[in-house]
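Shown below: work18.tsv, with TSV, C-alpha atoms and all ligand atoms.
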```tsv
chain	number	residue	atom	x	y	z
A	237	MET	CA	-64.55	92.32	-48.95
A	238	GLU	CA	-63.00	94.89	-46.66
A	239	LYS	CA	-62.90	98.48	-47.89
A	240	VAL	CA	-59.30	99.63	-47.42
A	241	LEU	CA	-58.37	103.30	-47.85
A	242	ILE	CA	-54.95	104.92	-48.03
A	243	ILE	CA	-55.00	108.68	-47.58
A	244	THR	CA	-51.80	110.67	-47.95
A	245	GLY	CA	-51.21	113.67	-45.71
A	246	GLY	CA	-54.01	112.38	-43.50
A	247	SER	CA	-52.93	113.81	-40.16
A	248	ARG	CA	-54.67	117.18	-40.50
A	249	GLY	CA	-56.92	119.40	-42.62
A	250	ILE	CA	-58.85	117.88	-45.52
A	251	GLY	CA	-56.96	114.59	-45.10
A	252	ALA	CA	-57.92	114.14	-41.45
A	253	ALA	CA	-61.57	115.02	-42.13
A	254	THR	CA	-61.64	112.50	-44.98
A	255	ALA	CA	-59.97	109.79	-42.88
A	256	CYS	CA	-62.56	110.15	-40.09
A	257	LEU	CA	-65.54	110.23	-42.47
A	258	ALA	CA	-64.21	107.17	-44.30
A	259	ALA	CA	-63.87	105.28	-41.02
A	260	GLU	CA	-67.48	106.19	-40.16
A	261	GLN	CA	-68.46	104.69	-43.52
A	262	GLY	CA	-66.70	101.40	-42.76
A	263	TYR	CA	-63.29	101.78	-44.38
A	264	ALA	CA	-60.16	100.45	-42.71
A	265	VAL	CA	-58.02	103.57	-43.00
A	266	CYS	CA	-54.28	104.01	-43.40
A	267	ILE	CA	-53.27	107.58	-42.65
A	268	SER	CA	-49.94	108.37	-44.20
A	269	TYR	CA	-48.14	111.35	-42.73
A	270	LEU	CA	-44.91	113.20	-43.45
A	271	ARG	CA	-43.55	114.18	-40.02
A	272	ASN	CA	-46.26	114.76	-37.43
A	273	GLN	CA	-46.58	111.32	-35.89
A	274	SER	CA	-48.49	112.51	-32.83
A	275	ALA	CA	-51.14	114.26	-34.95
A	276	ALA	CA	-51.49	111.11	-37.08
A	277	ASN	CA	-51.76	108.93	-33.98
A	278	GLN	CA	-54.48	111.21	-32.65
A	279	ILE	CA	-56.60	110.66	-35.76
A	280	VAL	CA	-56.03	106.91	-35.40
A	281	GLN	CA	-57.24	107.14	-31.77
A	282	THR	CA	-60.32	109.13	-32.81
A	283	ILE	CA	-61.18	106.45	-35.37
A	284	MET	CA	-60.62	103.60	-32.94
A	285	GLN	CA	-62.87	105.30	-30.38
A	286	ILE	CA	-65.77	105.07	-32.82
A	287	GLY	CA	-65.00	101.38	-33.38
A	288	GLY	CA	-63.14	101.87	-36.66
A	289	LYS	CA	-59.87	100.42	-37.90
A	290	ALA	CA	-56.89	102.68	-38.57
A	291	ILE	CA	-53.12	102.78	-38.73
A	292	ALA	CA	-50.66	105.61	-39.25
A	293	VAL	CA	-47.63	105.11	-41.51
A	294	ALA	CA	-44.84	107.63	-42.11
A	295	ALA	CA	-44.19	108.23	-45.81
A	296	ASP	CA	-42.84	111.09	-47.88
A	297	VAL	CA	-44.90	110.80	-51.06
A	298	ALA	CA	-42.04	112.33	-53.02
A	299	SER	CA	-39.90	109.27	-52.22
A	300	GLU	CA	-40.49	106.28	-54.48
A	301	GLN	CA	-39.20	103.88	-51.82
A	302	ASP	CA	-41.41	105.38	-49.09
A	303	VAL	CA	-44.47	104.97	-51.31
A	304	ILE	CA	-43.60	101.35	-52.14
A	305	ASP	CA	-43.09	100.62	-48.42
A	306	LEU	CA	-46.37	102.36	-47.52
A	307	PHE	CA	-48.41	100.14	-49.84
A	308	GLN	CA	-46.58	96.99	-48.67
A	309	THR	CA	-47.34	97.85	-45.04
A	310	VAL	CA	-51.02	98.19	-45.91
A	311	ASP	CA	-50.94	94.87	-47.83
A	312	GLN	CA	-49.72	93.21	-44.63
A	313	GLN	CA	-51.98	95.02	-42.16
A	314	PHE	CA	-55.29	95.29	-44.03
A	315	GLY	CA	-54.92	93.49	-47.38
A	316	LYS	CA	-55.16	95.04	-50.85
A	317	VAL	CA	-56.07	98.71	-50.99
A	318	THR	CA	-59.50	99.44	-52.56
A	319	ALA	CA	-59.45	103.24	-52.28
A	320	LEU	CA	-56.72	105.89	-52.52
A	321	VAL	CA	-56.96	109.60	-51.80
A	322	ASN	CA	-53.96	111.56	-53.07
A	323	ASN	CA	-54.36	114.43	-50.65
A	324	ALA	CA	-50.78	115.37	-49.67
A	325	GLY	CA	-49.86	118.69	-51.18
A	326	ILE	CA	-47.87	121.85	-50.56
A	327	LEU	CA	-47.91	125.46	-51.59
A	328	GLU	CA	-45.27	128.04	-50.77
A	329	ARG	CA	-45.24	131.74	-50.04
A	330	GLN	CA	-47.24	133.92	-52.36
A	331	MET	CA	-45.02	135.66	-54.94
A	332	ARG	CA	-44.73	136.74	-58.56
A	333	VAL	CA	-43.07	134.55	-61.15
A	334	GLU	CA	-39.89	136.70	-61.34
A	335	GLU	CA	-39.08	135.76	-57.73
A	336	MET	CA	-39.62	132.01	-58.10
A	337	ASP	CA	-36.67	129.66	-58.60
A	338	ALA	CA	-36.31	126.14	-59.94
A	339	ASP	CA	-35.82	124.63	-56.49
A	340	ARG	CA	-39.21	125.89	-55.37
A	341	LEU	CA	-40.86	124.64	-58.56
A	342	ASN	CA	-39.23	121.23	-58.12
A	343	ARG	CA	-40.31	120.95	-54.46
A	344	ILE	CA	-43.90	121.72	-55.35
A	345	PHE	CA	-44.03	119.42	-58.36
A	346	THR	CA	-42.27	116.57	-56.57
A	347	THR	CA	-44.78	116.49	-53.73
A	348	ASN	CA	-47.92	117.42	-55.63
A	349	ILE	CA	-47.52	115.54	-58.89
A	350	THR	CA	-44.76	112.94	-58.46
A	351	GLY	CA	-46.33	111.92	-55.14
A	352	SER	CA	-49.79	111.52	-56.67
A	353	PHE	CA	-48.35	109.62	-59.61
A	354	LEU	CA	-46.37	107.16	-57.47
A	355	CYS	CA	-49.28	106.42	-55.13
A	356	ALA	CA	-51.70	105.98	-58.04
A	357	ARG	CA	-49.27	103.56	-59.70
A	358	GLU	CA	-48.98	101.40	-56.58
A	359	ALA	CA	-52.75	101.45	-56.06
A	360	ILE	CA	-53.50	100.49	-59.68
A	361	LYS	CA	-51.11	97.52	-59.47
A	362	ARG	CA	-53.22	96.16	-56.63
A	363	MET	CA	-56.70	97.19	-57.80
A	364	SER	CA	-56.59	96.24	-61.48
A	365	THR	CA	-58.93	93.37	-62.36
A	366	ARG	CA	-56.50	92.60	-65.19
A	367	ARG	CA	-53.88	91.80	-62.54
A	368	GLY	CA	-56.15	89.79	-60.23
A	369	GLY	CA	-57.35	92.74	-58.16
A	370	ALA	CA	-60.95	93.51	-57.21
A	371	GLY	CA	-61.08	97.05	-58.62
A	372	GLY	CA	-61.17	100.28	-56.67
A	373	ALA	CA	-61.36	104.05	-56.79
A	374	ILE	CA	-58.83	106.87	-56.64
A	375	VAL	CA	-59.52	110.51	-55.82
A	376	ASN	CA	-56.87	113.15	-56.42
A	377	VAL	CA	-57.08	116.41	-54.51
A	378	SER	CA	-56.51	119.13	-57.08
A	379	SER	CA	-57.56	122.78	-56.70
A	380	VAL	CA	-59.64	125.40	-58.51
A	381	ALA	CA	-56.22	127.01	-58.99
A	382	ALA	CA	-55.76	124.46	-61.80
A	383	ARG	CA	-58.25	126.41	-63.93
A	384	LEU	CA	-57.79	129.89	-62.41
A	385	GLY	CA	-53.96	129.87	-62.59
A	386	ALA	CA	-53.38	131.78	-59.31
A	387	PRO	CA	-51.70	134.74	-61.07
A	388	GLY	CA	-49.39	136.79	-58.85
A	389	GLU	CA	-49.79	134.25	-56.06
A	390	TYR	CA	-48.79	130.67	-56.85
A	391	VAL	CA	-48.64	129.98	-60.59
A	392	ASP	CA	-46.28	127.07	-59.79
A	393	TYR	CA	-48.76	125.45	-57.41
A	394	ALA	CA	-51.59	126.04	-59.89
A	395	ALA	CA	-49.56	124.38	-62.67
A	396	SER	CA	-48.90	121.35	-60.45
A	397	LYS	CA	-52.64	121.04	-59.84
A	398	GLY	CA	-53.28	121.37	-63.59
A	399	ALA	CA	-50.94	118.40	-64.01
A	400	ILE	CA	-52.99	116.49	-61.43
A	401	ASP	CA	-56.15	117.17	-63.44
A	402	THR	CA	-54.51	115.81	-66.59
A	403	LEU	CA	-53.15	112.81	-64.70
A	404	THR	CA	-56.68	112.16	-63.42
A	405	ILE	CA	-58.19	112.19	-66.90
A	406	GLY	CA	-55.40	110.08	-68.40
A	407	LEU	CA	-55.42	107.44	-65.68
A	408	ALA	CA	-59.22	107.31	-65.65
A	409	ARG	CA	-59.24	106.39	-69.33
A	410	GLU	CA	-56.26	104.04	-69.05
A	411	VAL	CA	-57.81	101.88	-66.31
A	412	ALA	CA	-61.53	102.36	-67.05
A	413	ASP	CA	-61.93	98.73	-68.16
A	414	GLU	CA	-59.94	97.37	-65.19
A	415	GLY	CA	-62.53	98.11	-62.49
A	416	ILE	CA	-60.86	101.33	-61.36
A	417	ARG	CA	-62.37	104.82	-61.34
A	418	VAL	CA	-60.14	107.90	-61.06
A	419	ASN	CA	-61.57	111.32	-60.23
A	420	ALA	CA	-60.46	114.62	-58.72
A	421	VAL	CA	-61.95	117.17	-56.36
A	422	ARG	CA	-60.96	120.79	-56.85
A	423	PRO	CA	-61.38	122.67	-53.56
A	424	GLY	CA	-61.55	126.44	-53.47
A	425	PHE	CA	-60.56	128.27	-50.28
A	426	ILE	CA	-60.85	125.81	-47.38
A	427	TYR	CA	-60.00	126.76	-43.79
A	428	THR	CA	-56.88	124.63	-43.11
A	429	ASP	CA	-53.27	125.14	-42.03
A	430	ILE	CA	-51.99	125.16	-45.62
A	431	HIS	CA	-52.64	128.91	-45.77
A	432	ALA	CA	-50.02	129.52	-43.10
A	433	SER	CA	-47.39	128.69	-45.74
A	434	GLY	CA	-49.01	131.10	-48.21
A	435	GLY	CA	-47.88	134.06	-46.10
A	436	GLU	CA	-51.07	136.05	-46.50
A	437	PRO	CA	-52.73	136.37	-43.09
A	438	ASP	CA	-55.61	138.54	-44.30
A	439	ARG	CA	-56.62	136.04	-46.98
A	440	VAL	CA	-59.37	134.66	-44.79
A	441	GLU	CA	-60.90	138.14	-44.67
A	442	ARG	CA	-60.57	138.56	-48.42
A	443	VAL	CA	-62.39	135.30	-49.10
A	444	LYS	CA	-65.79	136.95	-48.94
A	445	ALA	CA	-64.86	139.25	-51.77
A	446	PHE	CA	-63.83	136.57	-54.23
A	447	VAL	CA	-66.09	133.59	-53.41
A	448	PRO	CA	-69.68	133.84	-54.70
A	449	MET	CA	-71.01	132.02	-51.63
A	450	GLN	CA	-69.10	134.60	-49.55
A	451	ARG	CA	-67.38	132.13	-47.28
A	452	GLY	CA	-64.55	129.66	-47.23
A	453	GLY	CA	-65.27	125.95	-47.04
A	454	GLN	CA	-64.77	123.48	-44.22
A	455	ALA	CA	-62.59	120.40	-44.64
A	456	ILE	CA	-65.60	118.15	-44.05
A	457	GLU	CA	-67.35	119.67	-47.08
A	458	VAL	CA	-64.47	118.47	-49.27
A	459	ALA	CA	-64.37	115.12	-47.46
A	460	ARG	CA	-68.04	114.47	-48.32
A	461	ALA	CA	-67.37	114.98	-52.03
A	462	ILE	CA	-64.34	112.67	-51.84
A	463	LEU	CA	-66.31	109.92	-50.09
A	464	TRP	CA	-69.08	110.17	-52.67
A	465	LEU	CA	-66.55	109.76	-55.50
A	466	LEU	CA	-65.06	106.72	-53.75
A	467	SER	CA	-68.46	105.13	-53.20
A	468	ALA	CA	-70.57	102.85	-55.38
A	469	GLU	CA	-73.00	105.79	-55.68
A	470	ALA	CA	-70.49	107.21	-58.17
A	471	SER	CA	-70.20	103.95	-60.13
A	472	TYR	CA	-70.44	105.61	-63.59
A	473	THR	CA	-68.29	108.64	-62.75
A	474	THR	CA	-64.67	108.55	-63.84
A	475	GLY	CA	-62.28	111.19	-65.15
A	476	ALA	CA	-64.40	113.89	-63.47
A	477	LEU	CA	-62.98	117.07	-61.93
A	478	ILE	CA	-65.45	118.23	-59.31
A	479	ASP	CA	-65.19	121.76	-57.87
A	480	VAL	CA	-65.94	122.16	-54.17
A	481	ALA	CA	-65.45	125.89	-54.15
A	482	GLY	CA	-68.57	127.87	-53.25
A	483	GLY	CA	-69.12	128.85	-56.88
A	484	LYS	CA	-65.65	130.29	-57.46
B	501	LIG	P1	-52.66	120.85	-44.97
B	501	LIG	O1	-51.38	121.60	-45.13
B	501	LIG	O2	-53.32	120.84	-43.65
B	501	LIG	O3	-52.49	119.33	-45.45
B	501	LIG	C1	-51.52	118.90	-46.35
B	501	LIG	C2	-50.98	117.60	-45.83
B	501	LIG	O4	-50.01	117.09	-46.77
B	501	LIG	C3	-50.23	117.77	-44.50
B	501	LIG	O5	-50.64	116.77	-43.60
B	501	LIG	C4	-48.76	117.61	-44.88
B	501	LIG	O6	-47.96	117.06	-43.85
B	501	LIG	C5	-48.90	116.62	-46.03
B	501	LIG	N1	-47.71	116.59	-46.88
B	501	LIG	C6	-47.04	117.64	-47.42
B	501	LIG	N2	-45.97	117.21	-48.10
B	501	LIG	C7	-45.97	115.84	-48.00
B	501	LIG	C8	-45.12	114.82	-48.48
B	501	LIG	N3	-44.03	115.10	-49.21
B	501	LIG	N4	-45.41	113.54	-48.16
B	501	LIG	C9	-46.50	113.23	-47.41
B	501	LIG	N5	-47.34	114.15	-46.93
B	501	LIG	C10	-47.07	115.45	-47.22
B	501	LIG	O7	-53.63	121.48	-46.05
B	501	LIG	P2	-55.01	121.01	-46.69
B	501	LIG	O8	-55.69	122.24	-47.07
B	501	LIG	O9	-55.69	120.00	-45.86
B	501	LIG	O10	-54.48	120.34	-48.05
B	501	LIG	C11	-54.87	119.08	-48.52
B	501	LIG	C12	-54.89	119.11	-50.02
B	501	LIG	O11	-55.91	120.02	-50.45
B	501	LIG	C13	-53.59	119.60	-50.67
B	501	LIG	O12	-53.31	118.81	-51.81
B	501	LIG	C14	-53.93	121.01	-51.09
B	501	LIG	O13	-53.16	121.46	-52.18
B	501	LIG	C15	-55.39	120.86	-51.45
B	501	LIG	N6	-56.14	122.11	-51.48
B	501	LIG	C16	-56.34	122.83	-50.35
B	501	LIG	C17	-57.06	124.00	-50.44
B	501	LIG	C18	-57.33	124.87	-49.23
B	501	LIG	O14	-57.80	126.00	-49.38
B	501	LIG	N7	-57.05	124.40	-48.01
B	501	LIG	C19	-57.55	124.45	-51.67
B	501	LIG	C20	-57.33	123.69	-52.80
B	501	LIG	C21	-56.63	122.51	-52.70
```
Structure encoded using structure tokens:
Amino acid sequence: MEKVLIITGGSRGIGAATACLAAEQGYAVCISYLRNQSAANQIVQTIMQIGGKAIAVAADVASEQDVIDLFQTVDQQFGKVTALVNNAGILERQMRVEEMDADRLNRIFTTNITGSFLCAREAIKRMSTRRGGAGGAIVNVSSVAARLGAPGEYVDYAASKGAIDTLTIGLAREVADEGIRVNAVRPGFIYTDIHASGGEPDRVERVKAFVPMQRGGQAIEVARAILWLLSAEASYTTGALIDVAGGK
């Protein structure tokens, strides 16, 4: 049976690294992207150059219809999905709680938690052995912020990642006897473009001070943990929240 992966926000950063590693490991990969079609197409090209299979599909994970369409496109192109990585996520400028408004909170929660929920729902419909599926695995990309809270920086983002952790545990238990495993990785500081929206240019310099391993992580280091959780090597692991954070 073909291994079919959908990865949201797969055109750059942790998503792109995961898409490429998955292709190397034999997955047919669907990279879903929000706006940057040329970046997504570039990852598809990279995968095809190594003899892999990939497509890029535009989808805003916050839109229920986009998510439904995304999974239907993959049904047609590759067949039933066997692996999902809920990677798409946003954070906004660093600020204290008094400055935050409901619109910002809603934007963050709609992408980070509604998006993960909708994609997981569509994946489970297809994977569940109770519904004629062949099983599968889901990995949600959370953050160490879920347990640290990101005080004075992004308590809203941290709360959305806390919700992802709870969703991971709940879904893992709900579908454990349907051939589906659900886990999360919790990255610490990883060198990607997401920090441009955090509005703290010197953060990279500060990393050494607050990470025990005294460095930030690379996207590929997160990708390796994700691929392990998706693989049969992790066959008895479900509902786990795995930090990839240099000891933070
Ligand atoms: P990134 O900004 O490069 O990637 C995020 C991706 O999500 C982008 O491709 C973006 O277009 C996509 N995206 C955003 N909103 C979307 C939407 N509504 N629909 C579809 N796609 C959307 O940053 P990254 O660091 O690679 O982030 C990947 C994940 O890792 C995120 O969930 C992020 O919260 C998490 N994370 C990152 C770090 C870090 O330090 N980089 C730490 C902890 C967790």
What are the closest atom pairs, with distances in Å to one decimal, for each residue of chain A lying within 8 Å of ligand LIG 501 (chain B), using only C-alpha atoms and all ligand atoms, rows by chain and rising residue number, as a Markdown table?
```
| residue | atom | partner | partner_atom | distance |
| --- | --- | --- | --- | --- |
| A:Thr244 | CA | B:LIG501 | N5 | 5.7 |
| A:Gly245 | CA | B:LIG501 | C5 | 3.8 |
| A:Gly246 | CA | B:LIG501 | O5 | 5.5 |
| A:Ser247 | CA | B:LIG501 | O5 | 5.1 |
| A:Arg248 | CA | B:LIG501 | O2 | 5.0 |
| A:Gly249 | CA | B:LIG501 | O9 | 3.5 |
| A:Ile250 | CA | B:LIG501 | O9 | 3.8 |
| A:Gly251 | CA | B:LIG501 | O9 | 5.6 |
| A:Ala252 | CA | B:LIG501 | O9 | 7.7 |
| A:Ser268 | CA | B:LIG501 | C9 | 6.8 |
| A:Tyr269 | CA | B:LIG501 | N5 | 5.1 |
| A:Leu270 | CA | B:LIG501 | C9 | 4.3 |
| A:Arg271 | CA | B:LIG501 | O6 | 6.5 |
| A:Asn272 | CA | B:LIG501 | O6 | 7.0 |
| A:Ala294 | CA | B:LIG501 | C9 | 7.9 |
| A:Ala295 | CA | B:LIG501 | C9 | 5.7 |
| A:Asp296 | CA | B:LIG501 | N4 | 3.6 |
| A:Val297 | CA | B:LIG501 | N4 | 4.0 |
| A:Ala298 | CA | B:LIG501 | N3 | 5.1 |
| A:Ser299 | CA | B:LIG501 | N3 | 7.8 |
| A:Asn322 | CA | B:LIG501 | O12 | 7.4 |
| A:Asn323 | CA | B:LIG501 | O12 | 4.7 |
| A:Ala324 | CA | B:LIG501 | O4 | 3.5 |
| A:Gly325 | CA | B:LIG501 | O12 | 3.5 |
| A:Ile326 | CA | B:LIG501 | C6 | 5.3 |
| A:Leu327 | CA | B:LIG501 | O13 | 6.6 |
| A:Thr346 | CA | B:LIG501 | N3 | 7.7 |
| A:Thr347 | CA | B:LIG501 | N3 | 4.8 |
| A:Asn348 | CA | B:LIG501 | O12 | 6.8 |
| A:Gly351 | CA | B:LIG501 | N3 | 7.1 |
| A:Val377 | CA | B:LIG501 | O12 | 5.2 |
| A:Ser378 | CA | B:LIG501 | C21 | 5.5 |
| A:Ser379 | CA | B:LIG501 | C20 | 4.0 |
| A:Val380 | CA | B:LIG501 | C20 | 6.4 |
| A:Ala381 | CA | B:LIG501 | C20 | 7.1 |
| A:Tyr393 | CA | B:LIG501 | O13 | 7.9 |
| A:Lys397 | CA | B:LIG501 | O13 | 7.7 |
| A:Arg422 | CA | B:LIG501 | C20 | 6.2 |
| A:Pro423 | CA | B:LIG501 | C20 | 4.2 |
| A:Gly424 | CA | B:LIG501 | C19 | 4.8 |
| A:Phe425 | CA | B:LIG501 | O14 | 3.7 |
| A:Ile426 | CA | B:LIG501 | O14 | 3.7 |
| A:Tyr427 | CA | B:LIG501 | N7 | 5.7 |
| A:Thr428 | CA | B:LIG501 | O8 | 4.8 |
| A:Asp429 | CA | B:LIG501 | O2 | 4.6 |
| A:Ile430 | CA | B:LIG501 | O1 | 3.6 |
| A:His431 | CA | B:LIG501 | N7 | 6.7 |
| A:Gly452 | CA | B:LIG501 | O14 | 8.0 |
| A:Gly453 | CA | B:LIG501 | O14 | 7.8 |
| A:Ala455 | CA | B:LIG501 | O9 | 7.0 |
```
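Atom to atom, atom CA of Asp392 of chain A and atom CA of Ala432 of chain A stand 17.3 Å apart.
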Have a look at atom CA of Val447 of chain A and atom CA of Val421 of chain A and let me know their distance in Å, one decimal. 17.2 Å
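Nearest-residue note for Arg367 of chain A: choosing from A:Leu463, A:Ile416, A:Cys256, A:Ile279, the minimum distance belongs to A:Ile416, counting all atoms listed in the file.
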Work out how far apart atom CA of Gly415 of chain A and atom CA of Ala470 of chain A are and give it in Å to one decimal. 12.8 Å
Taking N, CA and C atoms as the atom set, what does segment 389-411 of chain A look like once completed, written as a PDB file, in the coordinates of the input?
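Resulting contents of rebuild31.pdb:
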```pdb
ATOM      1  N   GLU A 389     -49.764 134.925 -57.357  1.00  0.00           N
ATOM      2  CA  GLU A 389     -49.790 134.250 -56.060  1.00  0.00           C
ATOM      3  C   GLU A 389     -48.951 132.985 -56.094  1.00  0.00           C
ATOM      4  N   TYR A 390     -49.460 131.979 -56.840  1.00  0.00           N
ATOM      5  CA  TYR A 390     -48.790 130.670 -56.850  1.00  0.00           C
ATOM      6  C   TYR A 390     -48.973 130.020 -58.217  1.00  0.00           C
ATOM      7  N   VAL A 391     -48.433 130.605 -59.262  1.00  0.00           N
ATOM      8  CA  VAL A 391     -48.640 129.980 -60.590  1.00  0.00           C
ATOM      9  C   VAL A 391     -48.005 128.584 -60.641  1.00  0.00           C
ATOM     10  N   ASP A 392     -46.946 128.386 -59.821  1.00  0.00           N
ATOM     11  CA  ASP A 392     -46.280 127.070 -59.790  1.00  0.00           C
ATOM     12  C   ASP A 392     -47.199 126.012 -59.190  1.00  0.00           C
ATOM     13  N   TYR A 393     -47.801 126.357 -58.063  1.00  0.00           N
ATOM     14  CA  TYR A 393     -48.760 125.450 -57.410  1.00  0.00           C
ATOM     15  C   TYR A 393     -49.927 125.167 -58.350  1.00  0.00           C
ATOM     16  N   ALA A 394     -50.448 126.219 -58.983  1.00  0.00           N
ATOM     17  CA  ALA A 394     -51.590 126.040 -59.890  1.00  0.00           C
ATOM     18  C   ALA A 394     -51.217 125.102 -61.036  1.00  0.00           C
ATOM     19  N   ALA A 395     -49.994 125.256 -61.563  1.00  0.00           N
ATOM     20  CA  ALA A 395     -49.560 124.380 -62.670  1.00  0.00           C
ATOM     21  C   ALA A 395     -49.445 122.932 -62.197  1.00  0.00           C
ATOM     22  N   SER A 396     -49.006 122.731 -60.958  1.00  0.00           N
ATOM     23  CA  SER A 396     -48.900 121.350 -60.450  1.00  0.00           C
ATOM     24  C   SER A 396     -50.291 120.731 -60.317  1.00  0.00           C
ATOM     25  N   LYS A 397     -51.274 121.548 -59.959  1.00  0.00           N
ATOM     26  CA  LYS A 397     -52.640 121.040 -59.840  1.00  0.00           C
ATOM     27  C   LYS A 397     -53.247 120.804 -61.230  1.00  0.00           C
ATOM     28  N   GLY A 398     -52.861 121.630 -62.202  1.00  0.00           N
ATOM     29  CA  GLY A 398     -53.280 121.370 -63.590  1.00  0.00           C
ATOM     30  C   GLY A 398     -52.755 120.021 -64.057  1.00  0.00           C
ATOM     31  N   ALA A 399     -51.510 119.706 -63.654  1.00  0.00           N
ATOM     32  CA  ALA A 399     -50.940 118.400 -64.010  1.00  0.00           C
ATOM     33  C   ALA A 399     -51.722 117.275 -63.330  1.00  0.00           C
ATOM     34  N   ILE A 400     -52.182 117.514 -62.119  1.00  0.00           N
ATOM     35  CA  ILE A 400     -52.990 116.490 -61.430  1.00  0.00           C
ATOM     36  C   ILE A 400     -54.300 116.257 -62.184  1.00  0.00           C
ATOM     37  N   ASP A 401     -54.906 117.333 -62.674  1.00  0.00           N
ATOM     38  CA  ASP A 401     -56.150 117.170 -63.440  1.00  0.00           C
ATOM     39  C   ASP A 401     -55.901 116.299 -64.688  1.00  0.00           C
ATOM     40  N   THR A 402     -54.808 116.587 -65.378  1.00  0.00           N
ATOM     41  CA  THR A 402     -54.510 115.810 -66.590  1.00  0.00           C
ATOM     42  C   THR A 402     -54.181 114.366 -66.249  1.00  0.00           C
ATOM     43  N   LEU A 403     -53.451 114.171 -65.155  1.00  0.00           N
ATOM     44  CA  LEU A 403     -53.150 112.810 -64.700  1.00  0.00           C
ATOM     45  C   LEU A 403     -54.457 112.063 -64.390  1.00  0.00           C
ATOM     46  N   THR A 404     -55.386 112.760 -63.775  1.00  0.00           N
ATOM     47  CA  THR A 404     -56.680 112.160 -63.420  1.00  0.00           C
ATOM     48  C   THR A 404     -57.412 111.672 -64.667  1.00  0.00           C
ATOM     49  N   ILE A 405     -57.463 112.537 -65.668  1.00  0.00           N
ATOM     50  CA  ILE A 405     -58.190 112.190 -66.900  1.00  0.00           C
ATOM     51  C   ILE A 405     -57.484 111.036 -67.628  1.00  0.00           C
ATOM     52  N   GLY A 406     -56.161 111.122 -67.698  1.00  0.00           N
ATOM     53  CA  GLY A 406     -55.400 110.080 -68.400  1.00  0.00           C
ATOM     54  C   GLY A 406     -55.524 108.728 -67.728  1.00  0.00           C
ATOM     55  N   LEU A 407     -55.324 108.708 -66.408  1.00  0.00           N
ATOM     56  CA  LEU A 407     -55.420 107.440 -65.680  1.00  0.00           C
ATOM     57  C   LEU A 407     -56.841 106.884 -65.740  1.00  0.00           C
ATOM     58  N   ALA A 408     -57.828 107.761 -65.628  1.00  0.00           N
ATOM     59  CA  ALA A 408     -59.220 107.310 -65.650  1.00  0.00           C
ATOM     60  C   ALA A 408     -59.489 106.523 -66.936  1.00  0.00           C
ATOM     61  N   ARG A 409     -58.991 107.060 -68.045  1.00  0.00           N
ATOM     62  CA  ARG A 409     -59.240 106.390 -69.330  1.00  0.00           C
ATOM     63  C   ARG A 409     -58.374 105.133 -69.474  1.00  0.00           C
ATOM     64  N   GLU A 410     -57.159 105.191 -68.913  1.00  0.00           N
ATOM     65  CA  GLU A 410     -56.260 104.040 -69.050  1.00  0.00           C
ATOM     66  C   GLU A 410     -56.782 102.822 -68.295  1.00  0.00           C
ATOM     67  N   VAL A 411     -57.411 103.033 -67.145  1.00  0.00           N
ATOM     68  CA  VAL A 411     -57.810 101.880 -66.310  1.00  0.00           C
ATOM     69  C   VAL A 411     -59.332 101.703 -66.229  1.00  0.00           C
TER      70      VAL A 411
END
```
